[in-house]
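For reference, upload.pdb is printed below; it contains PDB, C-alpha atoms.
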ATOM      1  CA  MET A  29      48.642 -45.227 -20.495  1.00  0.00           C
ATOM      2  CA  ASN A  30      46.479 -42.095 -20.502  1.00  0.00           C
ATOM      3  CA  ASN A  31      43.437 -42.203 -18.284  1.00  0.00           C
ATOM      4  CA  PRO A  32      41.162 -39.189 -18.898  1.00  0.00           C
ATOM      5  CA  ASN A  33      39.068 -40.112 -15.859  1.00  0.00           C
ATOM      6  CA  ALA A  34      41.975 -39.909 -13.413  1.00  0.00           C
ATOM      7  CA  THR A  35      41.060 -37.818 -10.398  1.00  0.00           C
ATOM      8  CA  HIS A  36      44.524 -36.879  -9.297  1.00  0.00           C
ATOM      9  CA  ALA A  37      47.859 -36.257 -10.895  1.00  0.00           C
ATOM     10  CA  ASP A  38      50.743 -38.006  -9.185  1.00  0.00           C
ATOM     11  CA  VAL A  39      53.504 -35.556 -10.081  1.00  0.00           C
ATOM     12  CA  ASN A  40      55.023 -35.140  -6.624  1.00  0.00           C
ATOM     13  CA  PRO A  41      56.844 -38.343  -5.652  1.00  0.00           C
ATOM     14  CA  LYS A  42      57.998 -36.982  -2.258  1.00  0.00           C
ATOM     15  CA  PRO A  43      55.089 -34.903  -0.935  1.00  0.00           C
ATOM     16  CA  SER A  44      55.843 -32.421   1.808  1.00  0.00           C
ATOM     17  CA  LEU A  45      53.656 -31.624   4.765  1.00  0.00           C
ATOM     18  CA  HIS A  46      53.797 -27.958   3.771  1.00  0.00           C
ATOM     19  CA  LEU A  47      51.407 -26.635   1.138  1.00  0.00           C
ATOM     20  CA  LEU A  48      53.766 -23.992  -0.269  1.00  0.00           C
ATOM     21  CA  ASP A  49      56.634 -26.487  -0.555  1.00  0.00           C
ATOM     22  CA  ASN A  50      54.412 -28.836  -2.566  1.00  0.00           C
ATOM     23  CA  ILE A  51      53.306 -26.086  -4.936  1.00  0.00           C
ATOM     24  CA  ARG A  52      56.892 -24.884  -5.393  1.00  0.00           C
ATOM     25  CA  ALA A  53      58.145 -28.448  -6.036  1.00  0.00           C
ATOM     26  CA  ILE A  54      55.471 -29.177  -8.636  1.00  0.00           C
ATOM     27  CA  ARG A  55      56.083 -25.825 -10.364  1.00  0.00           C
ATOM     28  CA  ALA A  56      59.821 -26.548 -10.472  1.00  0.00           C
ATOM     29  CA  GLY A  57      59.158 -30.098 -11.662  1.00  0.00           C
ATOM     30  CA  VAL A  58      57.059 -29.100 -14.667  1.00  0.00           C
ATOM     31  CA  GLY A  59      59.426 -26.305 -15.675  1.00  0.00           C
ATOM     32  CA  ASP A  60      58.327 -23.730 -18.222  1.00  0.00           C
ATOM     33  CA  GLY A  61      56.174 -26.140 -20.218  1.00  0.00           C
ATOM     34  CA  LEU A  62      52.912 -24.966 -18.633  1.00  0.00           C
ATOM     35  CA  ASN A  63      51.511 -21.471 -18.427  1.00  0.00           C
ATOM     36  CA  ASP A  64      50.012 -20.306 -15.128  1.00  0.00           C
ATOM     37  CA  ASP A  65      46.479 -21.334 -16.090  1.00  0.00           C
ATOM     38  CA  GLU A  66      47.586 -24.839 -17.060  1.00  0.00           C
ATOM     39  CA  LEU A  67      49.663 -25.120 -13.881  1.00  0.00           C
ATOM     40  CA  THR A  68      46.650 -24.082 -11.799  1.00  0.00           C
ATOM     41  CA  HIS A  69      44.573 -26.848 -13.397  1.00  0.00           C
ATOM     42  CA  LEU A  70      47.323 -29.388 -12.748  1.00  0.00           C
ATOM     43  CA  LEU A  71      47.722 -28.278  -9.138  1.00  0.00           C
ATOM     44  CA  ARG A  72      43.973 -28.533  -8.565  1.00  0.00           C
ATOM     45  CA  ARG A  73      44.031 -32.139  -9.755  1.00  0.00           C
ATOM     46  CA  THR A  74      46.990 -32.909  -7.542  1.00  0.00           C
ATOM     47  CA  ILE A  75      46.282 -33.858  -3.960  1.00  0.00           C
ATOM     48  CA  LEU A  76      47.675 -30.854  -2.103  1.00  0.00           C
ATOM     49  CA  PRO A  77      47.482 -30.744   1.678  1.00  0.00           C
ATOM     50  CA  GLY A  78      45.671 -27.813   3.232  1.00  0.00           C
ATOM     51  CA  GLU A  79      47.709 -26.072   5.888  1.00  0.00           C
ATOM     52  CA  ALA A  80      46.790 -23.852   8.842  1.00  0.00           C
ATOM     53  CA  GLY A  81      43.273 -23.325   7.432  1.00  0.00           C
ATOM     54  CA  PHE A  82      44.491 -22.398   3.920  1.00  0.00           C
ATOM     55  CA  VAL A  83      43.715 -24.326   0.720  1.00  0.00           C
ATOM     56  CA  PHE A  84      45.191 -23.859  -2.771  1.00  0.00           C
ATOM     57  CA  LEU A  85      43.055 -21.789  -5.158  1.00  0.00           C
ATOM     58  CA  SER A  86      45.289 -20.716  -8.066  1.00  0.00           C
ATOM     59  CA  TYR A  87      48.796 -19.922  -9.279  1.00  0.00           C
ATOM     60  CA  SER A  88      49.700 -16.780 -11.228  1.00  0.00           C
ATOM     61  CA  ASP A  89      52.782 -14.602 -11.737  1.00  0.00           C
ATOM     62  CA  GLY A  90      54.801 -16.441  -9.111  1.00  0.00           C
ATOM     63  CA  PHE A  91      52.036 -16.236  -6.483  1.00  0.00           C
ATOM     64  CA  ALA A  92      49.967 -19.007  -4.946  1.00  0.00           C
ATOM     65  CA  THR A  93      46.518 -17.718  -4.059  1.00  0.00           C
ATOM     66  CA  LEU A  94      44.927 -19.558  -1.148  1.00  0.00           C
ATOM     67  CA  THR A  95      41.434 -19.660   0.283  1.00  0.00           C
ATOM     68  CA  VAL A  96      41.026 -18.490   3.868  1.00  0.00           C
ATOM     69  CA  PRO A  97      38.562 -19.357   6.626  1.00  0.00           C
ATOM     70  CA  HIS A  98      35.380 -17.232   6.606  1.00  0.00           C
ATOM     71  CA  GLN A  99      36.099 -13.771   8.037  1.00  0.00           C
ATOM     72  CA  GLU A 100      33.928 -11.145   9.693  1.00  0.00           C
ATOM     73  CA  LEU A 101      34.846  -7.863   7.995  1.00  0.00           C
ATOM     74  CA  ALA A 102      34.226  -5.963  11.249  1.00  0.00           C
ATOM     75  CA  ASN A 103      37.245  -7.818  12.685  1.00  0.00           C
ATOM     76  CA  TRP A 104      39.439  -6.599   9.843  1.00  0.00           C
ATOM     77  CA  TYR A 105      38.475  -2.976   9.347  1.00  0.00           C
ATOM     78  CA  SER A 106      38.021   0.153  11.415  1.00  0.00           C
ATOM     79  CA  GLU A 107      35.133   2.481  10.578  1.00  0.00           C
ATOM     80  CA  THR A 108      37.367   4.364   8.135  1.00  0.00           C
ATOM     81  CA  GLY A 109      38.339   1.254   6.161  1.00  0.00           C
ATOM     82  CA  TRP A 110      41.855   0.954   7.559  1.00  0.00           C
ATOM     83  CA  ILE A 111      43.068  -2.334   8.999  1.00  0.00           C
ATOM     84  CA  ALA A 112      41.926  -2.948  12.585  1.00  0.00           C
ATOM     85  CA  ALA A 113      44.576  -2.414  15.268  1.00  0.00           C
ATOM     86  CA  ASP A 114      44.613  -6.102  16.328  1.00  0.00           C
ATOM     87  CA  LYS A 115      45.254  -7.292  12.772  1.00  0.00           C
ATOM     88  CA  GLU A 116      47.923  -4.636  12.281  1.00  0.00           C
ATOM     89  CA  ARG A 117      49.694  -5.704  15.485  1.00  0.00           C
ATOM     90  CA  ILE A 118      49.709  -9.357  14.358  1.00  0.00           C
ATOM     91  CA  ALA A 119      50.933  -8.398  10.870  1.00  0.00           C
ATOM     92  CA  LYS A 120      53.778  -6.300  12.336  1.00  0.00           C
ATOM     93  CA  ALA A 121      54.937  -9.256  14.428  1.00  0.00           C
ATOM     94  CA  ILE A 122      54.824 -11.590  11.396  1.00  0.00           C
ATOM     95  CA  ALA A 123      56.706  -9.068   9.244  1.00  0.00           C
ATOM     96  CA  GLU A 124      59.402  -8.661  11.893  1.00  0.00           C
ATOM     97  CA  LYS A 125      59.803 -12.411  12.393  1.00  0.00           C
ATOM     98  CA  HIS A 126      60.162 -13.054   8.645  1.00  0.00           C
ATOM     99  CA  GLN A 127      62.285  -9.948   7.967  1.00  0.00           C
ATOM    100  CA  LEU A 128      59.667  -8.312   5.761  1.00  0.00           C
ATOM    101  CA  SER A 129      58.260  -4.793   5.705  1.00  0.00           C
ATOM    102  CA  LEU A 130      54.565  -4.077   6.256  1.00  0.00           C
ATOM    103  CA  SER A 131      52.325  -1.759   4.257  1.00  0.00           C
ATOM    104  CA  GLU A 132      48.545  -1.249   4.078  1.00  0.00           C
ATOM    105  CA  PRO A 133      47.589  -0.191   0.525  1.00  0.00           C
ATOM    106  CA  PRO A 134      43.946   0.340  -0.424  1.00  0.00           C
ATOM    107  CA  ASP A 135      42.065  -2.514  -2.082  1.00  0.00           C
ATOM    108  CA  GLU A 136      40.981  -0.137  -4.802  1.00  0.00           C
ATOM    109  CA  THR A 137      42.950   2.824  -6.084  1.00  0.00           C
ATOM    110  CA  PRO A 138      40.764   5.908  -6.270  1.00  0.00           C
ATOM    111  CA  SER A 139      40.500   7.445  -9.716  1.00  0.00           C
ATOM    112  CA  SER A 140      41.867  10.939 -10.102  1.00  0.00           C
ATOM    113  CA  LEU A 141      40.119  11.264 -13.467  1.00  0.00           C
ATOM    114  CA  PHE A 142      36.649  10.591 -12.070  1.00  0.00           C
ATOM    115  CA  PRO A 143      36.779  11.277  -8.331  1.00  0.00           C
ATOM    116  CA  PRO A 144      33.589  10.428  -6.450  1.00  0.00           C
ATOM    117  CA  SER A 145      31.579  13.394  -5.174  1.00  0.00           C
ATOM    118  CA  ASP A 146      31.390  11.735  -1.746  1.00  0.00           C
ATOM    119  CA  PRO A 147      34.671   9.821  -1.336  1.00  0.00           C
ATOM    120  CA  PRO A 148      34.066   6.357   0.134  1.00  0.00           C
ATOM    121  CA  ASN A 149      36.126   4.780   2.867  1.00  0.00           C
ATOM    122  CA  PHE A 150      38.313   2.437   0.834  1.00  0.00           C
ATOM    123  CA  HIS A 151      39.192  -0.827   2.516  1.00  0.00           C
ATOM    124  CA  HIS A 152      42.852  -1.683   2.825  1.00  0.00           C
ATOM    125  CA  HIS A 153      44.770  -4.958   2.914  1.00  0.00           C
ATOM    126  CA  LEU A 154      48.100  -6.042   4.348  1.00  0.00           C
ATOM    127  CA  GLU A 155      51.234  -6.478   2.249  1.00  0.00           C
ATOM    128  CA  LEU A 156      54.505  -7.922   3.479  1.00  0.00           C
ATOM    129  CA  SER A 157      57.448  -7.208   1.201  1.00  0.00           C
ATOM    130  CA  ASN A 158      61.109  -7.989   0.872  1.00  0.00           C
ATOM    131  CA  ARG A 159      63.523  -5.459  -0.603  1.00  0.00           C
ATOM    132  CA  TRP A 160      62.220  -5.949  -4.153  1.00  0.00           C
ATOM    133  CA  GLU A 161      58.592  -7.012  -4.216  1.00  0.00           C
ATOM    134  CA  THR A 162      55.454  -8.055  -2.361  1.00  0.00           C
ATOM    135  CA  VAL A 163      55.822 -11.499  -0.778  1.00  0.00           C
ATOM    136  CA  VAL A 164      52.491 -11.793   1.075  1.00  0.00           C
ATOM    137  CA  LEU A 165      49.168 -10.115   0.370  1.00  0.00           C
ATOM    138  CA  ALA A 166      46.699 -10.766   3.207  1.00  0.00           C
ATOM    139  CA  HIS A 167      43.049  -9.896   2.587  1.00  0.00           C
ATOM    140  CA  PRO A 168      39.949 -11.088   4.446  1.00  0.00           C
ATOM    141  CA  TYR A 169      38.807 -12.973   1.313  1.00  0.00           C
ATOM    142  CA  TYR A 170      42.121 -14.558   0.228  1.00  0.00           C
ATOM    143  CA  LEU A 171      45.835 -14.907   0.905  1.00  0.00           C
ATOM    144  CA  LYS A 172      48.516 -14.598  -1.778  1.00  0.00           C
ATOM    145  CA  VAL A 173      52.071 -15.807  -1.184  1.00  0.00           C
ATOM    146  CA  ARG A 174      54.869 -15.264  -3.686  1.00  0.00           C
ATOM    147  CA  LEU A 175      56.764 -18.511  -4.305  1.00  0.00           C
ATOM    148  CA  PHE A 176      58.936 -17.359  -7.195  1.00  0.00           C
ATOM    149  CA  GLY A 177      60.342 -13.882  -7.481  1.00  0.00           C
ATOM    150  CA  ALA A 178      63.172 -11.520  -8.216  1.00  0.00           C
ATOM    151  CA  THR A 179      66.486 -12.134  -6.561  1.00  0.00           C
ATOM    152  CA  SER A 180      67.985  -8.789  -7.521  1.00  0.00           C
ATOM    153  CA  ALA A 181      66.966  -5.162  -7.963  1.00  0.00           C
ATOM    154  CA  ILE A 182      68.763  -5.055 -11.323  1.00  0.00           C
ATOM    155  CA  LEU A 183      66.149  -4.671 -14.074  1.00  0.00           C
ATOM    156  CA  TYR A 184      67.206  -7.595 -16.288  1.00  0.00           C
ATOM    157  CA  ALA A 185      67.873  -9.904 -13.349  1.00  0.00           C
ATOM    158  CA  ARG A 186      64.333  -9.228 -12.080  1.00  0.00           C
ATOM    159  CA  LEU A 187      62.907 -10.891 -15.182  1.00  0.00           C
ATOM    160  CA  ALA A 188      64.445 -14.198 -14.147  1.00  0.00           C
ATOM    161  CA  GLN A 189      62.477 -15.608 -11.236  1.00  0.00           C
ATOM    162  CA  SER A 190      63.785 -18.097  -8.750  1.00  0.00           C
ATOM    163  CA  PRO A 191      62.186 -19.811  -5.753  1.00  0.00           C
ATOM    164  CA  LEU A 192      61.916 -17.611  -2.673  1.00  0.00           C
ATOM    165  CA  GLN A 193      63.237 -19.127   0.502  1.00  0.00           C
ATOM    166  CA  LEU A 194      60.231 -18.896   2.822  1.00  0.00           C
ATOM    167  CA  SER A 195      60.049 -20.266   6.330  1.00  0.00           C
ATOM    168  CA  THR A 196      57.963 -23.404   6.770  1.00  0.00           C
ATOM    169  CA  GLU A 197      56.318 -21.495   9.651  1.00  0.00           C
ATOM    170  CA  LEU A 198      54.983 -18.710   7.395  1.00  0.00           C
ATOM    171  CA  LEU A 199      51.469 -20.100   6.844  1.00  0.00           C
ATOM    172  CA  GLN A 200      51.101 -21.047  10.497  1.00  0.00           C
ATOM    173  CA  ASP A 201      52.123 -17.513  11.474  1.00  0.00           C
ATOM    174  CA  LEU A 202      49.741 -15.966   8.923  1.00  0.00           C
ATOM    175  CA  SER A 203      46.886 -18.083  10.238  1.00  0.00           C
ATOM    176  CA  ALA A 204      46.858 -15.825  13.325  1.00  0.00           C
ATOM    177  CA  LEU A 205      45.419 -13.084  11.092  1.00  0.00           C
ATOM    178  CA  TYR A 206      42.501 -15.332  10.150  1.00  0.00           C
ATOM    179  CA  GLN A 207      41.538 -16.580  13.597  1.00  0.00           C
ATOM    180  CA  ALA A 208      38.277 -15.146  14.927  1.00  0.00           C
TER
END
Output the file's structure as structure tokens, nothing else.
Amino acid sequence: MNNPNATHADVNPKPSLHLLDNIRAIRAGVGDGLNDDELTHLLRRTILPGEAGFVFLSYSDGFATLTVPHQELANWYSETGWIAADKERIAKAIAEKHQLSLSEPPDETPSSLFPPSDPPNFHHHLELSNRWETVVLAHPYYLKVRLFGATSAILYARLAQSPLQLSTELLQDLSALYQA
């Protein structure tokens, strides 16, 4: 029987203690029948456990976007907009532990067509990548973790996404970036 007033969708019969595992299981369970927007709405109505200070926000293009605890930007950035040394040190340790590479791209790509007369100090964020694609994007306002991605560098194989095998310790490790 349909109940339009239901407050939660019971689509995960064996809930996990780990937020990312729950999202991945629900995504796999519904298959390709929902687009990312519909899946986000379903996941929001599902009781998902928060983990290590992170809470589900949305799902898109194989990524789960999570809310993060409030951050002081001065703890994240140097005066030039680059990532602070403490955050970079933590990110390097996480990348090494999870066999990922670390990069620090700018939050905003400067325009070469309309360069500013006084170039600003662009803020950067942290990206942890495997051999093919970004797996984690850590920003002081949000955290994105890829749950489904390419399993091969071959062009046509990249179109087919499969679950990434992520450590259950990943969110706990990433929480070190978001501690005061």
Would you compute, for all listed atoms of stretch 128-136 of chain A, the axis-aligned bounding box grown by 5 Å on each side, and then report its centre and edge lengths in Å rounded to one decimal, as lines of an AutoDock Vina configuration file?
center_x = 50.3
center_y = -4.0
center_z = 0.7
size_x = 28.7
size_y = 18.7
size_z = 21.1
Figure out the distance between atom CA of A:Ser195 and atom CA of A:Ala92, please, to one decimal in Å.
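That distance, rounded to one decimal, is 15.2 Å.
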Please expand the PyMOL selection byres ((chain A and resi 52-62) around 10) into the concrete residues it hits in this file, giving the result as an MDAnalysis selection string.
chainID A and resid 39:44 47:51 63:68 70:71 74 87 90:92 174:176 190:192
Mind telling me what the PyMOL selection byres ((chain A and resi 100) around 10) catches here, as a list in words?
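When the PyMOL selection byres ((chain A and resi 100) around 10) is applied to the shown file, the picked residues are Pro97, His98, Gln99, Leu101, Ala102, Asn103, Trp104, Tyr105, Pro168, Tyr169, Tyr206 and Ala208 of chain A.
Within 10 Å of the point (47.1, -24.2, 12.7), and counting all atoms listed in the file, the protein, DNA and RNA residues are Glu79, Ala80, Gly81, Phe82, Leu199, Gln200, Asp201, Leu202, Ser203, Ala204 and Gln207 of chain A.
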For the structure provided, state which residues fall under the PyMOL selection byres ((chain A and resi 125) around 12), and present them as a PyMOL selection string.
chain A and resi 118-124+126-130+156+194-195+197-198+201-202
I'd like the interatomic distance between atom CA of A:Gly177 and atom CA of A:Leu94, to a tenth of an Å.
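Result for atom CA of A:Gly177 versus atom CA of A:Leu94: 17.6 Å, one decimal.
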Mind pulling up the distance from atom CA of A:Asp135 to atom CA of A:Val163?
16.5 Å
Pick from A:Leu85, A:Leu205, A:Leu76, A:Ala113, whichever lies nearest to A:Lys172 using only C-alpha atoms:
A:Leu85
How would stretch 120-137 of chain A look with N, CA and C atoms restored, written as a PDB file, keeping the file's coordinate frame?
ATOM      1  N   LYS A 120      52.456  -6.858  12.013  1.00  0.00           N
ATOM      2  CA  LYS A 120      53.778  -6.300  12.336  1.00  0.00           C
ATOM      3  C   LYS A 120      54.688  -7.367  12.935  1.00  0.00           C
ATOM      4  N   ALA A 121      54.141  -8.187  13.814  1.00  0.00           N
ATOM      5  CA  ALA A 121      54.937  -9.256  14.428  1.00  0.00           C
ATOM      6  C   ALA A 121      55.381 -10.279  13.381  1.00  0.00           C
ATOM      7  N   ILE A 122      54.488 -10.640  12.465  1.00  0.00           N
ATOM      8  CA  ILE A 122      54.824 -11.590  11.396  1.00  0.00           C
ATOM      9  C   ILE A 122      55.903 -10.994  10.494  1.00  0.00           C
ATOM     10  N   ALA A 123      55.730  -9.736  10.111  1.00  0.00           N
ATOM     11  CA  ALA A 123      56.706  -9.068   9.244  1.00  0.00           C
ATOM     12  C   ALA A 123      58.081  -9.039   9.908  1.00  0.00           C
ATOM     13  N   GLU A 124      58.118  -8.709  11.179  1.00  0.00           N
ATOM     14  CA  GLU A 124      59.402  -8.661  11.893  1.00  0.00           C
ATOM     15  C   GLU A 124      60.046 -10.038  11.951  1.00  0.00           C
ATOM     16  N   LYS A 125      59.262 -11.050  12.286  1.00  0.00           N
ATOM     17  CA  LYS A 125      59.803 -12.411  12.393  1.00  0.00           C
ATOM     18  C   LYS A 125      60.387 -12.897  11.069  1.00  0.00           C
ATOM     19  N   HIS A 126      59.734 -12.553   9.957  1.00  0.00           N
ATOM     20  CA  HIS A 126      60.162 -13.054   8.645  1.00  0.00           C
ATOM     21  C   HIS A 126      60.984 -12.034   7.866  1.00  0.00           C
ATOM     22  N   GLN A 127      61.421 -10.985   8.542  1.00  0.00           N
ATOM     23  CA  GLN A 127      62.285  -9.948   7.967  1.00  0.00           C
ATOM     24  C   GLN A 127      61.664  -9.338   6.709  1.00  0.00           C
ATOM     25  N   LEU A 128      60.404  -8.945   6.838  1.00  0.00           N
ATOM     26  CA  LEU A 128      59.667  -8.312   5.761  1.00  0.00           C
ATOM     27  C   LEU A 128      59.171  -6.955   6.244  1.00  0.00           C
ATOM     28  N   SER A 129      58.835  -6.088   5.319  1.00  0.00           N
ATOM     29  CA  SER A 129      58.260  -4.793   5.705  1.00  0.00           C
ATOM     30  C   SER A 129      56.746  -4.860   5.497  1.00  0.00           C
ATOM     31  N   LEU A 130      56.025  -4.073   6.278  1.00  0.00           N
ATOM     32  CA  LEU A 130      54.565  -4.077   6.256  1.00  0.00           C
ATOM     33  C   LEU A 130      54.040  -2.791   5.644  1.00  0.00           C
ATOM     34  N   SER A 131      53.041  -2.920   4.768  1.00  0.00           N
ATOM     35  CA  SER A 131      52.325  -1.759   4.257  1.00  0.00           C
ATOM     36  C   SER A 131      50.840  -2.105   4.209  1.00  0.00           C
ATOM     37  N   GLU A 132      49.994  -1.062   4.093  1.00  0.00           N
ATOM     38  CA  GLU A 132      48.545  -1.249   4.078  1.00  0.00           C
ATOM     39  C   GLU A 132      47.932  -0.470   2.916  1.00  0.00           C
ATOM     40  N   PRO A 133      48.159  -0.913   1.678  1.00  0.00           N
ATOM     41  CA  PRO A 133      47.589  -0.191   0.525  1.00  0.00           C
ATOM     42  C   PRO A 133      46.079  -0.399   0.437  1.00  0.00           C
ATOM     43  N   PRO A 134      45.391   0.513  -0.248  1.00  0.00           N
ATOM     44  CA  PRO A 134      43.946   0.340  -0.424  1.00  0.00           C
ATOM     45  C   PRO A 134      43.647  -0.822  -1.372  1.00  0.00           C
ATOM     46  N   ASP A 135      42.494  -1.440  -1.174  1.00  0.00           N
ATOM     47  CA  ASP A 135      42.065  -2.514  -2.082  1.00  0.00           C
ATOM     48  C   ASP A 135      41.797  -1.974  -3.473  1.00  0.00           C
ATOM     49  N   GLU A 136      41.338  -0.760  -3.529  1.00  0.00           N
ATOM     50  CA  GLU A 136      40.981  -0.137  -4.802  1.00  0.00           C
ATOM     51  C   GLU A 136      41.640   1.231  -4.848  1.00  0.00           C
ATOM     52  N   THR A 137      42.305   1.529  -5.943  1.00  0.00           N
ATOM     53  CA  THR A 137      42.950   2.824  -6.084  1.00  0.00           C
ATOM     54  C   THR A 137      41.924   3.835  -6.569  1.00  0.00           C
TER      55      THR A 137
END
